[in-house]
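Okay, so here's the structure we're looking at.
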Amino acid sequence: MLKGKPHGFQIEVRLGLALIILVLVILNFASHYALFRIKQSLEDQLKNELTEAAVVVSDFISRYKTTALPDSAISRITSEYSLDKVAIIPLTYDRVIALNSGKEPDSTILGIDNSITTDKLLPILHNRPVFSHRRGFSQSSLLFPVEFAGSKYMIAATRQSAILSSAENAGAILIFFGLLGIGIIVYVAARFAHFITIPFERLRDKAVQSGRMDASSGDQVASLINSYEKIIDDLKQKEAELMRLNELTTRRAEDLEVYNNYILKSISTGIITLDRENKLSSINHAAAGILEIQSEQAAGHDYLTALKNYPGLCRLIEDFWDRHRPINNREMTIKMGDRNSRALVVSISPLVNSRGEKIGLSLILNDQTEFLKMQEELELNKRMASLGEMSAGLAHQLRNSTAAMVGLAKLIQKRVPNEGNAHENMRLLLKEALDASALVGRFLDFARPLSLELDNIDFSAMMKEIAAVAREKHHDLDVNYEDSFPDMVEISADSLLLKQAIGNIVDNACQAAGIGGKRIEIKCRIVGGRAEAIITDNGPGIPENIRENIFTPFFSGSPSGSGLGLPLARKIIILHGGHLKFDSRVGSGTTFAISIPVGSSPIMAETGGKSALIRS
C-alpha cells in the first residue's frame with residue numbers, strides 16, 4: 001500500500017467529522033438549556049399558584065376573623081388549587097427564638113415539608129415567603145407569612161407536581177447521556193475517520209497496480225473516480241452482453257417449458273410429479289380429470305394430503321420409496337364416490353437431474369375404465385352374436401313345433417267333453433303352448449337384426465306420450481313428469497322401436513314402484529348436445545348380487561318376467577347412438593338414465609331418410 005502524508009480528501013473527511021461533532025455538542029447543550037428553561041418555568045408557575053392559594057387563605061382569615069378556618073373553606077381552597085395540604089402555623093416566641101438560634105425546625109414544620117431546613121426558614125422571619133422543592137421529588141411547598149390580631153402566622157400550602165419532577169429527572173438523565181454520547185461520538189468519529197479512508201486507499205492502490213490510475217496525479221479522488229467510471233462502463237457493456245445471452249437462454253427455456261406443458265396438457269395419460277419432500281410439483285389436466293381434483297389447489301401440497309381420497313395410490317407411492325424400484329403397469333381400482341369407480345394402470349418411476357441425482361418421482365395414470373366397459377360390451381356382443389347364430393335355427397324349429405302343438409291342442413280340445421279333467425288338461429296344455437310360442441317370438445325379435453326406420457321426431461312429445469300411457473295403464477300410480485326442454489327437441493330415431501324401448505323401461509319402473517304411495521318420476525333435459533330421460537321409482541331397488549346381470553338375456557328379477565325386456569331396450573337405445581345406465585339403492589328405489597344424441601343422424605343423411613339395416 002502506498003504510504004505518505006494525508007491527502008486532501010482525508011483532511012476533508014476529518015474536518016467534516018469534527019464539524020458534525022461540534023454540531024452535536026451544540027445541539028446537546030441547546031437541549032439542556034431548553035429543558036432547564038422549561039423546568040424553571042414550571043417551578044415559577046407552581047410557586048405563583050401556591051402564592052395565590054396562600055393569599056386566598058389570608059383573605060379568608062381576614063373575612064372569618066379567625067385562623068381556625070372552617071372545613072368548607074379549606075376544602076374549597078384545596079380543590080380549586082389542587083393542593084395536598086393547607087395549614088396555618090403560628091410563629092410563637094419559642095419557635096422564632098429556635099429559628100434564630102439555628103435549631104432544626106420542629107415536627108409541625110417538618111410535617112409540612114421534611115426537607116426544609118432552618119436556613120431556608122429564616123426569610124419567613126422577615127415577612128418573605130419561602131418556596132421549597134427538593135430536586136427529583138414531586139412535592140412542593142410554600143410558607144407564606146401573614147399577620148393577624150397582632151400575632152404572626154405562616155400559611156403552609158403543599159402540592160404535587162409530577163411534570164416538574166419528571167422534567168428534573170429528565171434533565172439529569174439527559175446530562176448523563178449527553179456527556180456519555182459526546183464521548184462515544186468523539187471515539188466513533190475518530191475510528192470512523194480512520195476506517196473511512198482505508199477503503200479509499202485500497203481502491204487507490206488497486207487502481208494504481210492495475211495501471212488505471214497515475215499515483216502522481218494531483219487530485220487523486222477525481223483520478224480514482226475517472227478510473228472506476230471506465231471500469232463501470234466496461235462492466236455495463238459486459239452486463240448488456242450477458243443480459244442478451246441470458247434473455248436468449250431464458251426464451252429458449254420458456255419455449256421448451258411451454259412446449260412441454262402443451263404435451264402434458266394434450267396427452268390423455270395422467271402425469272403427476274413429486275419433489276424430494278413428497279410434495280406435488282405438477283399435475284396435468286388428464287390426471288386432475290381422472291382423480292377429480294383441482295390442479296391449482298393440489299400443487300405444492302404433500303401427496304398424503306392431495307391424494308387423501310385415494311389410499312391405494314398413497315400406499316403405492318410408499319411402496320416405491322420403501323423399495324426404491326420402479327413400479328410398472330400396476331392395475332388398481334379407485335373409488336370416486338359412493339358407487340363410481342375407475343380402473344387404472346399405474347406406473348411409478350424416479351425423476352433424476354443431469355447429474356443422476358434423484359429429485360422426486362413421476363406417477364403415470366392410464367384410465368382403463370372406458371376400455372374395460374367397451375371390452376365388456378364387445379364380449380357381450382360376441383356372446384349375443386354367438387347366441388343368435390346358434391339359436392336361430394333352433395328358434396325357428398321351436399316355433400314350428402309350438403305351432404303344431406297349439407294346432408293339435410285346439411283340435412283335441414274340440415273333441416273332448418267340455419267337462420272333466422281331460423278338458424281342463426287340454427286347456428292348460430294349450431295355454432302353455434301359446435306361452436311358449438310367444439316366448440320364442442320375443443326371442444326371435446331380440447336375436448334378429450333390427451331394421452330402423454329413421455325419421456326426425458320430437459323427443460319431448462314422445463316422452464310426454466309415454467308418461468300419459470303409463471298413467472292410463474297404472475291408475476294407482478303417481479307418474480310425475482317434468483322437463484326443461486325448449487318447445488321441440490328433434491332427434492333422428494325409429495319412433496316405434498325407441499318408444500317401445502323407453503316405454504318398457506317406464507313400465508318396469510311402474511311395476512317396481514312401492515306398495516304405499518307408489519310413484520315414479522320422469523325428468524328430461526338437454527346435456528352436452530344429448531337428450532336425457534331420467535326415470536326414477538320408489539321401489540325396493542335392485543339387489544347387489546343381480547345388478548351385473550340385468551341386461552343379460554333371459555335373466556329376470558321377477559318370477560313372471562322373460563328376461564328380454566331390458567336387453568332389448570338397451571339394444572335399441574345403443575343402435576340409436578345412445579346410452580342406458582342405471583343406479584339403484586336397496587330400499588330407496590332405482591334410477592335409469594337414457595341418453596340420445598340430438599339432431600339428424602349421419603345414417604339418415606346417407607340413406608336419404610330411408611330404413612337402415614343395423615345388426616347387433
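Letters A, B, ... go to the chains of the C-alpha cells in the order shown; residues in each chain start at 1; ligands are counted from 1 in the same order.
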Discussion item. Give me, as a list of chain:residue names, all polymer residues having an atom no more than 10 Å from stretch 525-530 of chain A, counting only C-alpha atoms and skipping those fewer than 5 positions away in the same chain.
Written reply: A:Ser460, A:Glu482, A:Asp483, A:Ser484, A:Phe485, A:Pro486, A:Val489, A:Ile491, A:Gly578, A:Ile594, A:Ser595, A:Ile596, A:Pro597, A:Val598, A:Gly599
Kindly save the residues from that selection, with N, CA and C atoms included, as a PDB file, in the first residue's frame.
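This is the output file part-v4.pdb:
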ATOM      1  N   SER A 460     -89.396 -34.674 -26.973  1.00  0.00           N
ATOM      2  CA  SER A 460     -90.225 -34.168 -25.873  1.00  0.00           C
ATOM      3  C   SER A 460     -91.648 -34.694 -25.977  1.00  0.00           C
ATOM      4  N   GLU A 482     -91.655 -34.024 -15.753  1.00  0.00           N
ATOM      5  CA  GLU A 482     -91.207 -32.644 -15.928  1.00  0.00           C
ATOM      6  C   GLU A 482     -90.005 -32.632 -16.858  1.00  0.00           C
ATOM      7  N   ASP A 483     -89.872 -31.530 -17.606  1.00  0.00           N
ATOM      8  CA  ASP A 483     -88.714 -31.400 -18.492  1.00  0.00           C
ATOM      9  C   ASP A 483     -88.294 -29.944 -18.576  1.00  0.00           C
ATOM     10  N   SER A 484     -87.040 -29.769 -18.996  1.00  0.00           N
ATOM     11  CA  SER A 484     -86.507 -28.420 -19.216  1.00  0.00           C
ATOM     12  C   SER A 484     -86.194 -28.226 -20.698  1.00  0.00           C
ATOM     13  N   PHE A 485     -86.954 -28.918 -21.546  1.00  0.00           N
ATOM     14  CA  PHE A 485     -86.754 -28.822 -22.986  1.00  0.00           C
ATOM     15  C   PHE A 485     -87.288 -27.504 -23.516  1.00  0.00           C
ATOM     16  N   PRO A 486     -86.759 -27.038 -24.649  1.00  0.00           N
ATOM     17  CA  PRO A 486     -87.442 -25.954 -25.377  1.00  0.00           C
ATOM     18  C   PRO A 486     -88.736 -26.501 -26.001  1.00  0.00           C
ATOM     19  N   VAL A 489     -87.586 -30.790 -29.267  1.00  0.00           N
ATOM     20  CA  VAL A 489     -86.258 -31.397 -29.263  1.00  0.00           C
ATOM     21  C   VAL A 489     -86.249 -32.463 -30.352  1.00  0.00           C
ATOM     22  N   ILE A 491     -84.813 -35.354 -32.704  1.00  0.00           N
ATOM     23  CA  ILE A 491     -83.820 -36.421 -32.780  1.00  0.00           C
ATOM     24  C   ILE A 491     -84.132 -37.272 -33.994  1.00  0.00           C
ATOM     25  N   GLY A 578     -77.253 -44.112 -28.454  1.00  0.00           N
ATOM     26  CA  GLY A 578     -77.484 -43.641 -27.101  1.00  0.00           C
ATOM     27  C   GLY A 578     -76.814 -44.512 -26.061  1.00  0.00           C
ATOM     28  N   ILE A 594     -81.368 -42.496 -19.666  1.00  0.00           N
ATOM     29  CA  ILE A 594     -81.326 -42.739 -21.116  1.00  0.00           C
ATOM     30  C   ILE A 594     -80.784 -41.484 -21.779  1.00  0.00           C
ATOM     31  N   SER A 595     -79.803 -41.660 -22.673  1.00  0.00           N
ATOM     32  CA  SER A 595     -79.193 -40.526 -23.359  1.00  0.00           C
ATOM     33  C   SER A 595     -79.221 -40.788 -24.857  1.00  0.00           C
ATOM     34  N   ILE A 596     -79.811 -39.854 -25.638  1.00  0.00           N
ATOM     35  CA  ILE A 596     -79.942 -39.977 -27.100  1.00  0.00           C
ATOM     36  C   ILE A 596     -79.357 -38.710 -27.728  1.00  0.00           C
ATOM     37  N   PRO A 597     -78.511 -38.831 -28.774  1.00  0.00           N
ATOM     38  CA  PRO A 597     -77.975 -37.622 -29.419  1.00  0.00           C
ATOM     39  C   PRO A 597     -79.071 -36.811 -30.101  1.00  0.00           C
ATOM     40  N   VAL A 598     -78.945 -35.490 -29.995  1.00  0.00           N
ATOM     41  CA  VAL A 598     -79.906 -34.567 -30.600  1.00  0.00           C
ATOM     42  C   VAL A 598     -79.452 -34.225 -32.010  1.00  0.00           C
ATOM     43  N   GLY A 599     -80.403 -34.105 -32.946  1.00  0.00           N
ATOM     44  CA  GLY A 599     -80.090 -33.697 -34.304  1.00  0.00           C
ATOM     45  C   GLY A 599     -80.256 -34.830 -35.292  1.00  0.00           C
TER      46      GLY A 599
END
Discussion item. I want to know what sits within 12 Å of A:Ile317, based on only C-alpha atoms, with residues of the same chain fewer than 6 positions away left out; could you give that as a list of chain:residue names?
Written reply: A:Ile272, A:Thr273, A:Leu274, A:Asn278, A:Lys279, A:Asp302, A:Tyr303, A:Leu304, A:Leu307, A:Tyr310, A:Pro311, A:Arg323, A:His324, A:Arg325, A:Pro326, A:Ile327, A:Arg330, A:Val346, A:Ser347, A:Ile348, A:Ser349, A:Pro350, A:Gly360, A:Leu361, A:Ser362, A:Leu363, A:Ile364
May I have the residues from that selection written out with C-alpha atoms, as a compact mmCIF listing (two decimals), in the first residue's frame?
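Produced file selection_1.txt, reproduced below:
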# COMPACT_ATOMS: atom_id res chain seq x y z
CA ILE A 272 -48.13 -36.38 -11.54
CA THR A 273 -44.65 -35.43 -10.30
CA LEU A 274 -43.47 -35.25 -6.69
CA ASN A 278 -43.06 -35.68 -1.42
CA LYS A 279 -44.99 -32.56 -2.46
CA ASP A 302 -47.93 -33.23 0.46
CA TYR A 303 -49.18 -36.24 -1.53
CA LEU A 304 -50.86 -37.67 1.58
CA LEU A 307 -54.37 -37.74 -2.63
CA TYR A 310 -57.10 -42.46 -2.81
CA PRO A 311 -55.31 -44.54 -0.16
CA ARG A 323 -38.16 -50.44 -2.27
CA HIS A 324 -36.59 -47.73 -4.47
CA ARG A 325 -37.59 -49.68 -7.56
CA PRO A 326 -39.85 -48.60 -10.42
CA ILE A 327 -43.44 -49.87 -10.45
CA ARG A 330 -49.80 -51.94 -11.70
CA VAL A 346 -50.32 -47.08 -12.63
CA SER A 347 -46.57 -46.75 -13.23
CA ILE A 348 -44.09 -45.02 -10.91
CA SER A 349 -40.52 -44.14 -11.84
CA PRO A 350 -37.84 -41.91 -10.27
CA GLY A 360 -38.52 -36.92 -6.98
CA LEU A 361 -40.79 -39.33 -8.81
CA SER A 362 -43.29 -39.39 -11.66
CA LEU A 363 -46.67 -41.08 -11.37
CA ILE A 364 -48.29 -42.13 -14.66
Worksheet entry | Spatial neighbours of A:Met426, max dist 8 Å, only C-alpha atoms, sep filter under 3 positions, as a PyMOL selection string | chain A and resi 409+412-413+422-423+429-430
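Nearest to A:Leu568 of all the residues A:Tyr187, A:Phe137, A:Phe551, A:Phe592 is A:Phe551, counting only C-alpha atoms.
Interatomic distance, atom CA of A:Thr591 to atom CA of A:Asn340: 14.7 Å.
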Worksheet entry | Atom-to-atom span, atom CA of A:Gln368 and atom CA of A:Ser268, Å |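 Computing the Euclidean distance for atom CA of A:Gln368 and atom CA of A:Ser268 yields 11.2 Å.
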Discussion item. Residues near A:Tyr153, anyone? I mean within 9 Å using only C-alpha atoms, not counting same-chain ones fewer than 3 positions away, as a ChimeraX atom specification.
Written reply: /A:67,88-92,144-148
